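> My file is query.txt. It has compact mmCIF, C-alpha atoms:
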```
# COMPACT_ATOMS: atom_id res chain seq x y z
CA MET K 261 0.00 0.00 0.00
CA VAL K 262 1.27 3.49 -0.82
CA GLY K 263 2.33 5.43 2.27
CA TRP K 264 0.25 8.62 1.95
CA PRO K 265 1.53 11.65 3.86
CA ARG K 266 -0.62 12.99 6.66
CA GLY K 267 -3.19 15.47 5.36
CA GLU K 268 -2.91 14.42 1.70
CA ALA K 269 -5.83 13.03 -0.30
CA ARG K 270 -6.16 9.27 -0.31
CA ASP K 271 -8.36 8.92 -3.38
CA CYS K 272 -6.85 8.36 -6.84
CA LYS K 273 -9.09 10.92 -8.52
CA SER K 274 -7.34 13.81 -6.79
CA LEU K 275 -3.99 12.67 -8.21
CA TYR K 276 -5.28 13.61 -11.67
CA THR K 277 -7.76 16.42 -11.04
CA GLY K 278 -5.49 18.52 -8.89
CA SER K 279 -7.92 18.71 -5.96
CA ASN K 280 -5.70 18.16 -2.93
CA PRO K 281 -3.20 16.39 -5.21
CA VAL K 282 -0.97 13.59 -4.00
CA PRO K 283 2.61 14.39 -5.00
CA THR K 284 3.85 12.04 -7.71
CA SER K 285 7.13 11.89 -5.77
CA ILE K 286 5.35 9.49 -3.38
CA ILE K 287 4.56 7.13 -6.25
CA ARG K 288 8.06 7.50 -7.71
CA GLU K 289 9.64 6.73 -4.32
CA ARG K 290 7.44 3.64 -3.88
CA VAL K 291 8.41 2.46 -7.38
CA ARG K 292 12.10 3.21 -6.72
CA SER K 293 12.18 1.36 -3.38
CA THR K 294 10.47 -1.70 -4.88
CA HIS K 295 12.66 -1.67 -7.99
CA ASN K 296 15.87 -1.36 -5.98
CA GLY K 297 15.38 -4.53 -3.98
CA GLY K 298 12.58 -3.47 -1.66
CA THR K 299 9.93 -5.98 -0.72
CA MET K 300 6.65 -6.32 -2.56
CA SER K 301 3.26 -7.36 -1.25
CA ALA K 302 1.54 -10.73 -1.69
CA ASP K 303 -0.56 -9.15 -4.45
CA ASP K 304 2.36 -9.13 -6.91
CA SER K 305 2.07 -10.98 -10.17
CA THR K 306 4.70 -11.90 -12.75
CA ARG K 307 3.88 -12.00 -16.46
CA PRO K 308 6.00 -12.65 -19.60
CA TRP K 309 6.17 -8.87 -20.24
CA GLY K 310 7.07 -7.93 -16.64
CA ARG K 311 5.06 -7.72 -13.44
CA TYR K 312 2.46 -5.75 -11.53
CA GLU K 313 1.74 -4.90 -7.93
CA VAL K 314 -1.74 -4.19 -6.58
CA LEU K 315 -1.48 -0.98 -4.54
CA GLN K 316 -5.12 -0.62 -3.51
CA GLU K 317 -8.52 -2.16 -4.25
CA SER K 318 -12.15 -1.89 -3.25
CA ASP K 319 -15.55 -2.70 -4.76
CA LEU K 320 -15.28 0.55 -6.74
CA HIS K 321 -11.69 0.53 -7.99
CA LYS K 322 -8.33 -1.20 -8.23
CA VAL K 323 -4.92 0.50 -8.48
CA LYS K 324 -1.83 -1.28 -9.84
CA CYS K 325 1.77 -0.32 -10.44
CA ILE K 326 2.82 -2.05 -13.66
CA TYR K 327 6.44 -2.69 -14.72
CA VAL K 328 7.05 -3.55 -18.40
CA LYS K 329 10.41 -4.90 -19.58
CA PRO K 330 12.13 -3.18 -22.53
CA GLY K 331 10.97 -4.49 -25.90
CA THR K 332 7.84 -6.18 -24.55
CA ARG K 333 4.13 -5.36 -24.62
CA LEU K 334 0.88 -6.45 -23.07
CA SER K 335 -1.81 -8.13 -25.15
CA TYR K 336 -4.13 -6.17 -27.44
CA GLN K 337 -7.31 -6.48 -25.37
CA ARG K 338 -10.55 -5.02 -24.10
CA HIS K 339 -12.65 -5.21 -20.94
CA GLN K 340 -16.44 -5.27 -20.66
CA LYS K 341 -16.74 -4.31 -16.98
CA ARG K 342 -14.06 -1.70 -16.34
CA ARG K 343 -12.32 1.45 -17.56
CA GLU K 344 -8.62 2.10 -17.09
CA HIS K 345 -6.61 5.27 -16.59
CA TRP K 346 -2.83 5.06 -16.96
CA PHE K 347 -0.28 7.50 -15.51
CA ILE K 348 3.21 7.04 -17.00
CA VAL K 349 5.79 7.24 -14.19
CA SER K 350 8.98 6.39 -16.11
CA GLY K 351 10.05 5.04 -19.47
CA ILE K 352 8.59 5.41 -22.95
CA ALA K 353 5.16 3.87 -23.60
CA THR K 354 3.86 2.86 -27.00
CA VAL K 355 0.07 2.91 -26.70
CA VAL K 356 -2.51 1.50 -29.10
CA LEU K 357 -6.16 2.56 -28.72
CA ASP K 358 -8.64 1.15 -31.27
CA GLY K 359 -5.85 0.67 -33.81
CA GLU K 360 -4.27 4.15 -33.40
CA THR K 361 -0.66 4.13 -32.12
CA PHE K 362 1.00 6.95 -30.17
CA THR K 363 3.80 7.53 -27.65
CA LYS K 364 3.43 8.64 -24.03
CA LEU K 365 6.18 9.95 -21.77
CA PRO K 366 6.53 10.31 -17.97
CA GLY K 367 3.80 12.53 -16.51
CA GLU K 368 1.38 11.85 -19.37
CA THR K 369 -1.87 9.89 -19.09
CA VAL K 370 -4.08 7.59 -21.14
CA THR K 371 -7.78 6.88 -20.63
CA VAL K 372 -9.16 3.54 -21.84
CA GLN K 373 -12.95 3.35 -22.05
CA MET K 374 -14.98 0.23 -21.30
CA GLY K 375 -14.96 -2.02 -24.39
CA GLN K 376 -12.15 -0.07 -26.09
CA LEU K 377 -9.34 -2.09 -27.68
CA HIS K 378 -6.01 -1.19 -26.10
CA ARG K 379 -2.39 -2.18 -25.64
CA ILE K 380 0.68 -0.69 -23.99
CA GLY K 381 4.26 -1.61 -24.69
CA ASN K 382 7.77 -0.55 -23.78
CA SER K 383 9.56 0.94 -26.78
CA GLY K 384 12.46 2.25 -24.70
CA SER K 385 15.65 0.70 -23.35
CA ASP K 386 14.67 1.18 -19.69
CA GLU K 387 11.82 -0.40 -17.76
CA LEU K 388 8.41 1.24 -18.34
CA VAL K 389 6.53 1.96 -15.12
CA PHE K 390 2.94 3.15 -15.02
CA VAL K 391 0.11 3.34 -12.53
CA GLU K 392 -3.18 1.85 -13.69
CA ILE K 393 -6.45 2.90 -12.08
CA GLN K 394 -9.40 0.65 -12.86
CA THR K 395 -12.99 1.74 -12.26
CA GLY K 396 -16.16 -0.16 -13.04
CA THR K 397 -18.14 -3.08 -11.71
CA TYR K 398 -15.60 -5.95 -11.84
CA PHE K 399 -11.78 -6.05 -11.76
CA GLY K 400 -10.90 -9.75 -12.16
CA GLU K 401 -8.21 -10.88 -14.58
CA ASP K 402 -10.91 -12.93 -16.36
CA ASP K 403 -12.45 -9.68 -17.71
CA ILE K 404 -9.80 -9.66 -20.43
CA GLU K 405 -10.74 -10.44 -24.01
CA ARG K 406 -7.39 -10.90 -25.78
CA ILE K 407 -7.45 -10.02 -29.46
CA GLU K 408 -3.73 -10.46 -30.06
CA ASP K 409 -1.09 -11.78 -27.66
CA ASP K 410 2.67 -12.18 -28.14
CA TYR K 411 2.69 -15.01 -25.58
CA ALA K 412 -0.17 -17.16 -26.98
CA ARG K 413 -2.29 -16.85 -23.84
```
Here is the file; what I need is its structure written in the form of structure tokens.


Amino acid sequence: MVGWPRGEARDCKSLYTGSNPVPTSIIRERVRSTHNGGTMSADDSTRPWGRYEVLQESDLHKVKCIYVKPGTRLSYQRHQKRREHWFIVSGIATVVLDGETFTKLPGETVTVQMGQLHRIGNSGSDELVFVEIQTGTYFGEDDIERIEDDYAR
């Protein structure tokens, strides 16, 4: 779980709207401490493209920190029960939304609507790190319809 400073907002929405914003330095420090040999929670998951850590979840949302190895990408997919909002922390992201490809850099965001085809990959030489905020009615890994997958899953 992210260690929020006393008096700062604890909801993810404020991180992006600017209302009582949570400094991104907190997220960067959490990423740095985990990346440099710090311990991770039991909610960690390893995938062929990298790994993710669940930072927070409730019936209304789930927040993950996702680490993508250089030269790899997640599957081209969509979800029927959730939206996603990505905040790029470090690295260079190659994003595909409904067939349109573009690049995102640290500090930039991407919004993925429910049912929208999407993919993110690491086109840089350093690890790509981004925070994913899911909102909707269901956040299980089985709400993934893979259209194309480099790992034949």

> What lies within 8 Å of K:Glu405 using only C-alpha atoms, ignoring chain neighbours under 4 positions off, as a CSV table (one decimal) with C-alpha atoms, in the frame of the given file?


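Saved to result16.csv:
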```csv
chain,number,residue,atom,x,y,z
K,337,GLN,CA,-7.3,-6.5,-25.4
K,338,ARG,CA,-10.6,-5.0,-24.1
K,339,HIS,CA,-12.6,-5.2,-20.9
```

> Which distance in Å separates atom CA of K:Gly331 and atom CA of K:Val356, to one decimal?

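So the two atoms, atom CA of K:Gly331 and atom CA of K:Val356, lie 15.1 Å apart.
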
> Residues at most 9 Å from K:Pro308, counting only C-alpha atoms, excluding those fewer than 4 positions away in the same chain, as JSON, numbers by chain?

{"K": [329, 332, 334, 411]}

> Please provide the set of residues having any atom within 10 Å of stretch 363-370 of chain K, restricted to all atoms listed in the file, with same-chain residues fewer than 2 positions apart removed, written as a ChimeraX atom specification.

/K:276,284,344-357,361,372-373,380-383,388-392

> Hey, what's within 12 Å of K:Ile404 if we count only C-alpha atoms and toss same-chain stuff fewer than 5 positions away? As number ranges by chain, please?

K: 334-343, 374-379, 398-399, 409, 413

> What is the distance between atom CA of K:Asp410 and atom CA of K:Thr395, in Å to one decimal?

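Distance between the two atoms: 26.3 Å.
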
> Counting only C-alpha atoms, which of K:Leu315, K:Pro330, K:Gly310, K:Lys322 gets nearest to K:Thr397?

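Once distances to K:Thr397 are computed over only C-alpha atoms, the minimum belongs to K:Lys322.
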
> Closest to K:Ile407 among K:Arg311, K:Asp358, K:Ile393, K:Tyr327, using all atoms listed in the file?

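Closest residue, counting all atoms listed in the file: K:Asp358.
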
> Just give me the gap between atom CA of K:Ser318 and atom CA of K:Arg406 in Å, one decimal is fine.

24.7 Å

> Would you mind telling me which residue in K:Glu408, K:Gly359, K:Ser305, K:Gln394 lies nearest to K:Glu317 when using only C-alpha atoms?

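Comparing K:Glu408, K:Gly359, K:Ser305, K:Gln394 against K:Glu317, the winner is K:Gln394.
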